[in-house]
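Data from work-v7.txt: compact mmCIF, C-alpha atoms
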# COMPACT_ATOMS: atom_id res chain seq x y z
CA MET A 1 25.98 64.24 20.87
CA ARG A 2 28.30 67.26 20.77
CA ILE A 3 27.70 69.55 17.80
CA ALA A 4 30.11 72.25 16.59
CA ALA A 5 28.71 74.99 14.35
CA ILE A 6 31.14 77.09 12.30
CA ALA A 7 29.78 80.39 11.00
CA PRO A 8 31.08 83.91 10.26
CA ARG A 9 29.08 85.47 13.10
CA GLY A 10 26.02 84.81 15.21
CA THR A 11 24.00 87.76 13.88
CA ARG A 12 23.83 86.54 10.29
CA PRO A 13 20.23 85.60 9.36
CA SER A 14 21.33 82.26 7.91
CA TYR A 15 23.01 81.31 11.20
CA ARG A 16 20.20 82.63 13.39
CA PHE A 17 17.48 80.71 11.55
CA ARG A 18 19.40 77.60 10.47
CA ILE A 19 21.48 77.04 13.63
CA GLY A 20 20.84 79.55 16.41
CA GLN A 21 17.16 78.84 16.92
CA MET A 22 17.84 75.09 16.83
CA ILE A 23 20.23 75.23 19.78
CA PRO A 24 17.60 75.32 22.59
CA HIS A 25 15.82 72.34 21.02
CA TRP A 26 19.05 70.38 20.61
CA GLU A 27 20.07 71.16 24.17
CA ALA A 28 16.64 70.14 25.48
CA ALA A 29 17.16 66.79 23.74
CA GLY A 30 20.47 66.30 25.57
CA HIS A 31 22.89 67.49 22.89
CA GLU A 32 25.63 70.06 23.47
CA VAL A 33 26.30 72.82 20.94
CA VAL A 34 29.65 74.55 20.49
CA PRO A 35 29.42 77.71 18.30
CA VAL A 36 32.71 78.44 16.51
CA PHE A 37 32.56 81.89 14.94
CA VAL A 38 35.20 82.60 12.31
CA GLN A 39 37.53 85.10 13.93
CA ARG A 40 40.44 87.28 12.95
CA PRO A 41 43.38 87.31 13.34
CA LEU A 42 44.10 83.94 11.79
CA VAL A 43 45.83 82.57 14.87
CA GLN A 44 42.67 82.95 16.95
CA ARG A 45 40.60 81.27 14.27
CA LEU A 46 42.91 78.28 13.99
CA TRP A 47 43.05 77.98 17.78
CA SER A 48 39.24 77.84 17.94
CA TYR A 49 39.21 74.90 15.53
CA GLY A 50 40.90 72.80 18.19
CA ARG A 51 37.47 72.38 19.80
CA LEU A 52 36.28 70.41 16.77
CA ARG A 53 38.26 67.36 17.98
CA THR A 54 35.90 67.00 20.93
CA CYS A 55 32.71 67.16 18.86
CA ASP A 56 30.78 64.36 17.19
CA VAL A 57 29.54 66.53 14.33
CA THR A 58 30.88 69.75 12.82
CA ILE A 59 28.52 71.94 10.79
CA ILE A 60 29.92 74.50 8.36
CA GLN A 61 27.11 76.99 7.98
CA GLN A 62 27.27 78.59 4.52
CA ARG A 63 30.93 79.63 4.66
CA LEU A 64 33.29 78.90 1.75
CA PHE A 65 36.84 78.36 3.01
CA HIS A 66 40.21 78.42 1.29
CA PRO A 67 41.25 74.80 0.47
CA TRP A 68 43.94 74.64 3.16
CA GLU A 69 41.54 75.85 5.86
CA LEU A 70 38.83 73.44 4.74
CA ALA A 71 41.41 70.63 4.92
CA ILE A 72 42.19 71.52 8.55
CA ILE A 73 38.50 71.56 9.47
CA ARG A 74 37.96 68.23 7.72
CA ARG A 75 40.92 66.64 9.49
CA LEU A 76 39.77 67.81 12.93
CA SER A 77 36.09 66.82 12.43
CA ARG A 78 34.79 63.35 13.13
CA HIS A 79 31.76 63.95 10.91
CA LEU A 80 31.41 67.01 8.71
CA VAL A 81 28.12 68.59 7.60
CA TYR A 82 27.76 71.47 5.16
CA ASP A 83 24.58 73.55 5.58
CA VAL A 84 23.65 75.97 2.80
CA ASP A 85 20.55 78.13 2.27
CA ASP A 86 21.79 80.55 -0.38
CA ALA A 87 23.38 80.27 -3.82
CA VAL A 88 26.83 80.98 -2.38
CA MET A 89 28.48 79.45 -5.43
CA LEU A 90 27.29 82.44 -7.51
CA ARG A 91 27.75 86.18 -7.36
CA PRO A 92 24.74 88.06 -5.91
CA ASN A 93 23.88 89.25 -9.44
CA GLY A 94 23.48 85.61 -10.51
CA GLN A 95 26.65 85.48 -12.58
CA PRO A 96 28.99 82.48 -12.31
CA ASP A 97 32.04 82.82 -10.12
CA ARG A 98 34.79 80.25 -10.70
CA LYS A 99 36.43 80.73 -7.31
CA ARG A 100 33.18 80.43 -5.37
CA LEU A 101 32.06 77.40 -7.35
CA LYS A 102 35.40 75.66 -6.85
CA ARG A 103 35.23 76.20 -3.08
CA PHE A 104 31.58 75.17 -2.96
CA ALA A 105 32.33 71.94 -4.84
CA ALA A 106 35.28 71.18 -2.55
CA THR A 107 33.14 71.72 0.56
CA CYS A 108 30.41 69.43 -0.74
CA ARG A 109 32.98 66.73 -1.53
CA ALA A 110 34.61 67.06 1.89
CA ALA A 111 31.32 66.84 3.80
CA ASP A 112 29.75 63.60 4.96
CA LEU A 113 26.35 65.24 4.46
CA VAL A 114 25.16 68.37 2.62
CA ILE A 115 21.98 69.98 3.95
CA CYS A 116 20.22 72.37 1.57
CA GLY A 117 17.41 74.83 2.21
CA ASN A 118 15.59 74.10 -1.05
CA ARG A 119 15.46 71.83 -4.11
CA THR A 120 17.43 74.18 -6.36
CA LEU A 121 20.41 74.19 -4.02
CA ALA A 122 20.12 70.42 -3.62
CA GLU A 123 20.24 69.88 -7.39
CA THR A 124 23.47 71.86 -7.60
CA SER A 125 24.98 70.14 -4.56
CA ARG A 126 24.30 66.66 -5.98
CA ARG A 127 26.80 67.34 -8.74
CA TYR A 128 29.50 67.13 -6.08
CA SER A 129 28.06 64.92 -3.33
CA SER A 130 26.01 61.74 -3.25
CA ARG A 131 24.64 62.51 0.18
CA VAL A 132 22.37 65.56 0.01
CA VAL A 133 19.12 66.23 1.89
CA VAL A 134 16.67 69.14 1.82
CA VAL A 135 15.81 70.66 5.19
CA PRO A 136 13.90 73.96 4.81
CA THR A 137 14.54 77.02 6.93
CA ALA A 138 12.35 76.89 10.02
CA ILE A 139 10.64 79.40 12.29
CA ASP A 140 10.69 79.42 16.08
CA LEU A 141 6.98 79.54 16.86
CA ASP A 142 7.69 80.49 20.47
CA ARG A 143 9.17 83.79 19.20
CA PHE A 144 7.08 84.38 16.09
CA GLN A 145 3.64 84.04 17.63
CA LEU A 146 0.34 84.47 15.81
CA LYS A 147 -0.91 88.02 16.30
CA VAL A 148 -4.54 88.77 17.06
CA SER A 149 -4.77 92.54 16.43
CA LYS A 150 -6.40 93.74 13.22
CA PRO A 151 -6.28 97.14 11.48
CA GLN A 152 -8.93 99.53 12.67
CA PRO A 153 -11.38 101.21 10.25
CA ASN A 154 -10.05 104.38 8.64
CA GLU A 155 -6.45 103.47 9.49
CA ARG A 156 -3.86 103.21 6.78
CA LEU A 157 -3.11 99.63 5.79
CA VAL A 158 0.47 98.78 6.70
CA ILE A 159 2.40 96.93 4.03
CA GLY A 160 5.86 95.88 5.16
CA TRP A 161 9.18 94.32 4.28
CA THR A 162 12.06 93.09 6.42
CA GLY A 163 15.56 92.49 5.12
CA SER A 164 19.08 93.88 5.00
CA LYS A 165 21.40 96.02 2.90
CA GLY A 166 22.13 93.22 0.44
CA SER A 167 18.47 92.72 -0.44
CA ASN A 168 17.15 96.29 -0.15
CA HIS A 169 17.22 96.78 -3.92
CA TYR A 170 14.66 93.99 -4.43
CA LEU A 171 11.99 96.49 -3.33
CA ASN A 172 12.56 99.06 -6.06
CA PRO A 173 10.85 97.26 -8.98
CA ILE A 174 7.52 96.97 -7.11
CA PHE A 175 7.33 100.54 -5.80
CA PRO A 176 5.72 101.98 -8.97
CA ALA A 177 3.16 99.18 -8.77
CA LEU A 178 2.32 100.08 -5.17
CA ALA A 179 1.91 103.70 -6.27
CA ARG A 180 -0.69 102.58 -8.84
CA ALA A 181 -2.85 100.69 -6.35
CA LYS A 182 -6.46 101.93 -6.17
CA ASN A 183 -6.05 102.81 -2.52
CA ALA A 184 -2.44 103.98 -2.63
CA ASN A 185 -3.44 107.03 -0.56
CA SER A 186 -4.40 104.67 2.26
CA LEU A 187 -1.22 102.54 2.19
CA HIS A 188 1.72 102.93 4.55
CA LEU A 189 5.00 101.11 3.90
CA LYS A 190 7.27 99.97 6.71
CA VAL A 191 10.81 98.92 5.84
CA ILE A 192 12.84 97.09 8.48
CA SER A 193 16.52 96.86 7.57
CA ASP A 194 19.98 97.85 8.71
CA THR A 195 20.05 100.78 6.27
CA THR A 196 18.02 102.50 3.54
CA GLU A 197 20.96 102.25 1.15
CA GLY A 198 19.87 101.03 -2.29
CA ILE A 199 16.16 101.85 -1.80
CA ASP A 200 14.52 104.47 -4.05
CA PHE A 201 11.50 105.68 -2.09
CA SER A 202 10.82 108.43 -4.66
CA THR A 203 8.76 106.07 -6.85
CA LEU A 204 6.19 105.28 -4.12
CA GLY A 205 3.94 108.18 -5.14
CA PRO A 206 1.17 108.70 -2.55
CA VAL A 207 2.21 105.71 -0.42
CA THR A 208 3.67 106.97 2.86
CA TRP A 209 6.68 105.17 4.29
CA GLU A 210 8.92 104.85 7.29
CA PHE A 211 12.26 103.17 7.93
CA ILE A 212 12.80 101.13 11.10
CA PRO A 213 16.37 100.06 11.94
CA TRP A 214 16.46 96.30 12.51
CA THR A 215 17.42 95.01 15.95
CA PRO A 216 17.08 91.53 17.49
CA GLU A 217 14.69 93.09 20.00
CA ASN A 218 12.28 94.66 17.50
CA GLU A 219 12.43 92.02 14.76
CA VAL A 220 9.25 90.23 15.83
CA SER A 221 7.18 93.13 17.17
CA GLU A 222 7.75 95.39 14.17
CA THR A 223 7.10 92.63 11.64
CA ALA A 224 3.91 91.74 13.52
CA SER A 225 2.71 95.31 12.95
CA PHE A 226 2.33 94.62 9.21
CA ASP A 227 -1.11 94.03 7.72
CA ILE A 228 0.50 92.63 4.54
CA GLY A 229 4.06 91.31 4.18
CA LEU A 230 6.02 91.72 0.94
CA MET A 231 8.72 89.49 -0.52
CA PRO A 232 9.63 90.60 -4.05
CA LEU A 233 12.48 88.79 -5.83
CA PRO A 234 13.78 88.91 -9.39
CA ASP A 235 14.00 85.49 -11.03
CA THR A 236 17.76 84.85 -11.31
CA PRO A 237 20.01 81.84 -10.67
CA PHE A 238 21.03 83.48 -7.38
CA THR A 239 17.53 84.21 -6.07
CA ARG A 240 16.33 80.70 -6.96
CA GLY A 241 18.48 79.62 -4.04
CA LYS A 242 16.41 81.71 -1.60
CA CYS A 243 14.58 79.73 1.06
CA GLY A 244 11.56 81.94 1.80
CA CYS A 245 12.49 83.01 5.32
CA LYS A 246 10.75 86.41 5.04
CA ALA A 247 7.50 84.85 3.87
CA LEU A 248 7.65 82.24 6.62
CA GLN A 249 8.14 84.95 9.25
CA TYR A 250 5.11 86.83 7.98
CA MET A 251 2.98 83.70 7.89
CA ALA A 252 4.03 82.61 11.39
CA LEU A 253 2.85 86.00 12.69
CA GLY A 254 -0.49 85.77 10.91
CA VAL A 255 0.48 88.39 8.32
CA PRO A 256 -0.74 87.57 4.79
CA ALA A 257 2.25 87.41 2.44
CA VAL A 258 2.56 88.59 -1.16
CA CYS A 259 5.63 87.00 -2.75
CA SER A 260 7.43 86.46 -6.00
CA PRO A 261 7.18 82.76 -7.02
CA VAL A 262 10.96 82.38 -6.86
CA GLY A 263 13.04 79.93 -4.87
CA MET A 264 11.30 78.15 -2.00
CA ASN A 265 8.33 80.53 -2.19
CA ALA A 266 7.01 78.63 -5.19
CA ASP A 267 6.91 75.43 -3.12
CA PHE A 268 5.00 76.49 -0.01
CA VAL A 269 2.92 79.52 -1.08
CA ASP A 270 -0.35 78.36 -2.64
CA HIS A 271 -1.78 81.42 -4.39
CA GLY A 272 -5.13 82.48 -2.94
CA ARG A 273 -5.06 79.86 -0.19
CA ASN A 274 -2.19 80.65 2.21
CA GLY A 275 -0.66 83.66 0.45
CA MET A 276 -0.44 85.54 -2.84
CA LEU A 277 2.07 85.14 -5.66
CA ALA A 278 2.99 88.06 -7.92
CA THR A 279 5.30 88.03 -10.92
CA GLN A 280 4.52 91.06 -13.07
CA PRO A 281 3.89 94.63 -11.78
CA ASP A 282 0.18 94.24 -12.51
CA ASP A 283 0.12 91.14 -10.28
CA TRP A 284 1.41 93.22 -7.37
CA VAL A 285 -1.20 95.93 -8.00
CA ARG A 286 -3.98 93.36 -8.22
CA SER A 287 -2.89 91.52 -5.05
CA ILE A 288 -2.59 94.68 -2.94
CA ASP A 289 -5.94 96.00 -4.20
CA GLN A 290 -7.65 92.70 -3.48
CA LEU A 291 -6.23 92.41 0.02
CA PHE A 292 -7.06 96.04 0.79
CA GLU A 293 -10.67 95.64 -0.27
CA GLN A 294 -11.26 92.19 1.25
CA PRO A 295 -10.43 92.04 4.98
CA ASP A 296 -11.96 88.56 5.10
CA LEU A 297 -9.45 87.37 2.52
CA ARG A 298 -6.61 88.78 4.62
CA GLU A 299 -7.87 86.82 7.61
CA GLN A 300 -8.27 83.66 5.55
CA LEU A 301 -4.73 83.87 4.16
CA ALA A 302 -3.35 84.71 7.60
CA ALA A 303 -4.96 81.64 9.17
CA ALA A 304 -3.91 79.31 6.36
CA GLY A 305 -0.39 80.77 6.30
CA TYR A 306 0.04 80.18 10.01
CA GLN A 307 -1.23 76.62 9.60
CA THR A 308 1.38 75.99 6.90
CA VAL A 309 4.25 77.21 9.05
CA SER A 310 3.10 75.53 12.25
CA THR A 311 2.66 72.11 10.61
CA GLU A 312 5.58 72.13 8.15
CA PHE A 313 8.22 74.66 9.24
CA GLY A 314 8.35 74.70 13.04
CA ALA A 315 11.86 74.91 14.52
CA ALA A 316 11.25 72.13 17.06
CA ASP A 317 10.38 69.59 14.36
CA MET A 318 13.22 70.74 12.12
CA ALA A 319 15.72 70.45 14.98
CA ARG A 320 14.69 66.81 15.47
CA ARG A 321 15.08 66.14 11.74
CA LEU A 322 18.56 67.63 11.72
CA ALA A 323 19.65 65.72 14.81
CA ASN A 324 18.42 62.49 13.22
CA HIS A 325 20.50 63.23 10.12
CA PHE A 326 23.59 63.89 12.26
CA GLN A 327 23.15 60.64 14.15
CA GLN A 328 22.57 58.71 10.94
CA ILE A 329 25.85 59.76 9.33
CA ALA A 330 27.68 58.65 12.46
CA ILE A 331 25.92 55.26 12.38
CA ASP A 332 26.55 54.79 8.66
CA GLN A 333 30.23 55.63 8.93
CA PHE A 334 30.64 53.34 11.93
CA ALA A 335 28.97 50.51 9.99
CA ALA A 336 31.23 51.14 7.00

Take the structure in the file and give it back as structure tokens.
Amino acid sequence: MRIAAIAPRGTRPSYRFRIGQMIPHWEAAGHEVVPVFVQRPLVQRLWSYGRLRTCDVTIIQQRLFHPWELAIIRRLSRHLVYDVDDAVMLRPNGQPDRKRLKRFAATCRAADLVICGNRTLAETSRRYSSRVVVVPTAIDLDRFQLKVSKPQPNERLVIGWTGSKGSNHYLNPIFPALARAKNANSLHLKVISDTTEGIDFSTLGPVTWEFIPWTPENEVSETASFDIGLMPLPDTPFTRGKCGCKALQYMALGVPAVCSPVGMNADFVDHGRNGMLATQPDDWVRSIDQLFEQPDLREQLAAAGYQTVSTEFGAADMARRLANHFQQIAIDQFAA
């Protein structure tokens, strides 16, 4: 099977985790993958779509195209799949956006199959398509390997977050809570992102902090240096489309995660067993205090978190599931 994957660029997290890390597994199974990154000027982009004719399946990863461009992609694709792991039909602040929703609906209708990262996205997609499946975001366990090092006595406990400019502001509401932790003087915050823009470190009080510019090379090693991983999210229509990738990265590395119960997090984080859930500021204070004071609990959550990811969210298994879905739409259409 020859698979084309259309995406804005290869460095986007959604592409890297939903498509990029699947490619070695698809190729090992005998499939060929043709990345088609949306380019400018327009002539180059349209020329690149010519490769879709030679592919069995075309995946549009997240992108919302103008109707005429979507029509070209549909016409050139034997079988079209739309993969979405964010509430792209809404503005980032959660407000409706007529243009985005119209394009999202058109893409769902044009696709032979819509693949969603969580149940919330699937519920929205089913308004426009009768063929929708949920395939969660996966983690490449060959890259994100379980760490064995533990914090040494008298060292500051490292709490950490990894993200990007668009999500930096999600940290601000929990900073005053971190400052109120019993052992705030012994906490050190690491932030891995492309910029510090939008982050107000002034409310951290006695918690020390450092910023680490994200690179593909340091993504795993720096995240593995956390003793506790953070994933705060406000509860909005937009964030309910989040698929828990941060938390899954932490858990794959054996880092206990403290998360807001929003989006996919609410489905796979079992509070007190494989992670911690925090809604109100006091929940964040309580969780950090408890994990600071109970190293055994950190180890327990780390082990259970890794078990969850390795049995339910491994990239190899998810790649097989996706390939099976691609083959099935081809069979069904042939039979029809």

Check which residues of stretch 150-226 of chain A sit at most 8 Å from stretch 284-297 of chain A using all atoms listed in the file, and return one row each with the closest pair of atoms and their distance in Å to one decimal, ordered by chain and rising number, as CSV.
residue,atom,partner,partner_atom,distance
A:Leu157,CA,A:Phe292,CA,7.3
A:Ile174,CA,A:Trp284,CA,7.2
A:Ala177,CA,A:Val285,CA,5.5
A:Leu178,CA,A:Val285,CA,6.1
A:Arg180,CA,A:Val285,CA,6.7
A:Ala181,CA,A:Val285,CA,5.3
A:Lys182,CA,A:Asp289,CA,6.3
A:Asn183,CA,A:Asp289,CA,7.0

With C-alpha atoms kept, could you save the residues just selected as a short mmCIF file (atom, residue, chain, number, x, y, z; two decimals), in the frame of the given file?
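Just written: again-v5.cif:
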data_model
loop_
_atom_site.label_atom_id
_atom_site.label_comp_id
_atom_site.auth_asym_id
_atom_site.auth_seq_id
_atom_site.Cartn_x
_atom_site.Cartn_y
_atom_site.Cartn_z
CA LEU A 157 -3.11 99.63 5.79
CA ILE A 174 7.52 96.97 -7.11
CA ALA A 177 3.16 99.18 -8.77
CA LEU A 178 2.32 100.08 -5.17
CA ARG A 180 -0.69 102.58 -8.84
CA ALA A 181 -2.85 100.69 -6.35
CA LYS A 182 -6.46 101.93 -6.17
CA ASN A 183 -6.05 102.81 -2.52
#

Give the answer as one residue: which of A:Tyr170, A:Phe104, A:Tyr15, A:Tyr49 has the shortest atom-to-atom distance to A:Phe65, using only C-alpha atoms?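 Checking each candidate against A:Phe65, we get A:Phe104 as the closest.
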
Pick from A:Gln61, A:Arg45, A:Ile73, A:Leu171 nearest to A:Met231, counting all atoms listed in the file: A:Leu171

Can you build me a table of stretch 30-97 of chain A residues sitting at most 12 Å from stretch 131-150 of chain A, with the closest atom pair per residue and its distance in Å to one decimal, using all atoms listed in the file, sorted by chain and residue number, as CSV?
residue,atom,partner,partner_atom,distance
A:Leu80,CA,A:Arg131,CA,11.8
A:Val81,CA,A:Val132,CA,10.0
A:Tyr82,CA,A:Val132,CA,9.5
A:Asp83,CA,A:Val135,CA,9.2
A:Val84,CA,A:Val135,CA,9.8
A:Asp85,CA,A:Thr137,CA,7.7
A:Asp86,CA,A:Thr137,CA,10.9

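Note that atom CA of A:Val220 and atom CA of A:Thr162 are 10.2 Å apart.
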
Take stretch 261-287 of chain A, bring it up to N, CA and C atoms, and give me the output as a PDB file, in the frame of the given file.
ATOM      1  N   PRO A 261       7.092  84.225  -7.000  1.00  0.00           N
ATOM      2  CA  PRO A 261       7.180  82.760  -7.020  1.00  0.00           C
ATOM      3  C   PRO A 261       8.576  82.292  -7.403  1.00  0.00           C
ATOM      4  N   VAL A 262       9.552  82.662  -6.586  1.00  0.00           N
ATOM      5  CA  VAL A 262      10.960  82.380  -6.860  1.00  0.00           C
ATOM      6  C   VAL A 262      11.548  81.645  -5.677  1.00  0.00           C
ATOM      7  N   GLY A 263      12.434  80.686  -5.948  1.00  0.00           N
ATOM      8  CA  GLY A 263      13.040  79.930  -4.870  1.00  0.00           C
ATOM      9  C   GLY A 263      12.007  79.092  -4.136  1.00  0.00           C
ATOM     10  N   MET A 264      12.181  78.976  -2.828  1.00  0.00           N
ATOM     11  CA  MET A 264      11.300  78.150  -2.000  1.00  0.00           C
ATOM     12  C   MET A 264       9.869  78.672  -1.963  1.00  0.00           C
ATOM     13  N   ASN A 265       9.687  79.964  -2.214  1.00  0.00           N
ATOM     14  CA  ASN A 265       8.330  80.530  -2.190  1.00  0.00           C
ATOM     15  C   ASN A 265       7.370  79.754  -3.084  1.00  0.00           C
ATOM     16  N   ALA A 266       7.864  79.333  -4.230  1.00  0.00           N
ATOM     17  CA  ALA A 266       7.010  78.630  -5.190  1.00  0.00           C
ATOM     18  C   ALA A 266       6.559  77.274  -4.664  1.00  0.00           C
ATOM     19  N   ASP A 267       7.252  76.751  -3.652  1.00  0.00           N
ATOM     20  CA  ASP A 267       6.910  75.430  -3.120  1.00  0.00           C
ATOM     21  C   ASP A 267       5.870  75.482  -2.006  1.00  0.00           C
ATOM     22  N   PHE A 268       5.905  76.523  -1.171  1.00  0.00           N
ATOM     23  CA  PHE A 268       5.000  76.490  -0.010  1.00  0.00           C
ATOM     24  C   PHE A 268       3.900  77.555  -0.044  1.00  0.00           C
ATOM     25  N   VAL A 269       3.995  78.531  -0.961  1.00  0.00           N
ATOM     26  CA  VAL A 269       2.920  79.520  -1.080  1.00  0.00           C
ATOM     27  C   VAL A 269       1.946  79.054  -2.153  1.00  0.00           C
ATOM     28  N   ASP A 270       0.727  78.791  -1.742  1.00  0.00           N
ATOM     29  CA  ASP A 270      -0.350  78.360  -2.640  1.00  0.00           C
ATOM     30  C   ASP A 270      -1.234  79.582  -2.894  1.00  0.00           C
ATOM     31  N   HIS A 271      -1.137  80.146  -4.083  1.00  0.00           N
ATOM     32  CA  HIS A 271      -1.780  81.420  -4.390  1.00  0.00           C
ATOM     33  C   HIS A 271      -3.285  81.393  -4.086  1.00  0.00           C
ATOM     34  N   GLY A 272      -3.714  82.348  -3.268  1.00  0.00           N
ATOM     35  CA  GLY A 272      -5.130  82.480  -2.940  1.00  0.00           C
ATOM     36  C   GLY A 272      -5.570  81.606  -1.786  1.00  0.00           C
ATOM     37  N   ARG A 273      -4.681  80.711  -1.320  1.00  0.00           N
ATOM     38  CA  ARG A 273      -5.060  79.860  -0.190  1.00  0.00           C
ATOM     39  C   ARG A 273      -4.307  80.266   1.077  1.00  0.00           C
ATOM     40  N   ASN A 274      -2.955  80.274   1.022  1.00  0.00           N
ATOM     41  CA  ASN A 274      -2.190  80.650   2.210  1.00  0.00           C
ATOM     42  C   ASN A 274      -1.291  81.858   1.967  1.00  0.00           C
ATOM     43  N   GLY A 275      -1.452  82.490   0.795  1.00  0.00           N
ATOM     44  CA  GLY A 275      -0.660  83.660   0.450  1.00  0.00           C
ATOM     45  C   GLY A 275      -0.978  84.065  -0.980  1.00  0.00           C
ATOM     46  N   MET A 276      -0.246  85.061  -1.468  1.00  0.00           N
ATOM     47  CA  MET A 276      -0.440  85.540  -2.840  1.00  0.00           C
ATOM     48  C   MET A 276       0.912  85.509  -3.550  1.00  0.00           C
ATOM     49  N   LEU A 277       0.872  85.141  -4.842  1.00  0.00           N
ATOM     50  CA  LEU A 277       2.070  85.140  -5.660  1.00  0.00           C
ATOM     51  C   LEU A 277       1.939  86.216  -6.736  1.00  0.00           C
ATOM     52  N   ALA A 278       3.011  86.964  -6.951  1.00  0.00           N
ATOM     53  CA  ALA A 278       2.990  88.060  -7.920  1.00  0.00           C
ATOM     54  C   ALA A 278       4.279  88.042  -8.725  1.00  0.00           C
ATOM     55  N   THR A 279       4.134  88.037 -10.042  1.00  0.00           N
ATOM     56  CA  THR A 279       5.300  88.030 -10.920  1.00  0.00           C
ATOM     57  C   THR A 279       5.483  89.365 -11.614  1.00  0.00           C
ATOM     58  N   GLN A 280       4.471  89.805 -12.333  1.00  0.00           N
ATOM     59  CA  GLN A 280       4.520  91.060 -13.070  1.00  0.00           C
ATOM     60  C   GLN A 280       4.027  92.226 -12.201  1.00  0.00           C
ATOM     61  N   PRO A 281       4.378  93.469 -12.562  1.00  0.00           N
ATOM     62  CA  PRO A 281       3.890  94.630 -11.780  1.00  0.00           C
ATOM     63  C   PRO A 281       2.384  94.626 -11.594  1.00  0.00           C
ATOM     64  N   ASP A 282       1.635  94.258 -12.642  1.00  0.00           N
ATOM     65  CA  ASP A 282       0.180  94.240 -12.510  1.00  0.00           C
ATOM     66  C   ASP A 282      -0.294  93.227 -11.477  1.00  0.00           C
ATOM     67  N   ASP A 283       0.472  92.136 -11.295  1.00  0.00           N
ATOM     68  CA  ASP A 283       0.120  91.140 -10.280  1.00  0.00           C
ATOM     69  C   ASP A 283       0.213  91.746  -8.882  1.00  0.00           C
ATOM     70  N   TRP A 284       1.241  92.581  -8.676  1.00  0.00           N
ATOM     71  CA  TRP A 284       1.410  93.220  -7.370  1.00  0.00           C
ATOM     72  C   TRP A 284       0.270  94.213  -7.119  1.00  0.00           C
ATOM     73  N   VAL A 285      -0.080  94.983  -8.142  1.00  0.00           N
ATOM     74  CA  VAL A 285      -1.200  95.930  -8.000  1.00  0.00           C
ATOM     75  C   VAL A 285      -2.480  95.180  -7.659  1.00  0.00           C
ATOM     76  N   ARG A 286      -2.746  94.120  -8.412  1.00  0.00           N
ATOM     77  CA  ARG A 286      -3.980  93.360  -8.220  1.00  0.00           C
ATOM     78  C   ARG A 286      -4.028  92.738  -6.818  1.00  0.00           C
ATOM     79  N   SER A 287      -2.922  92.171  -6.370  1.00  0.00           N
ATOM     80  CA  SER A 287      -2.890  91.520  -5.050  1.00  0.00           C
ATOM     81  C   SER A 287      -3.121  92.518  -3.927  1.00  0.00           C
TER      82      SER A 287
END
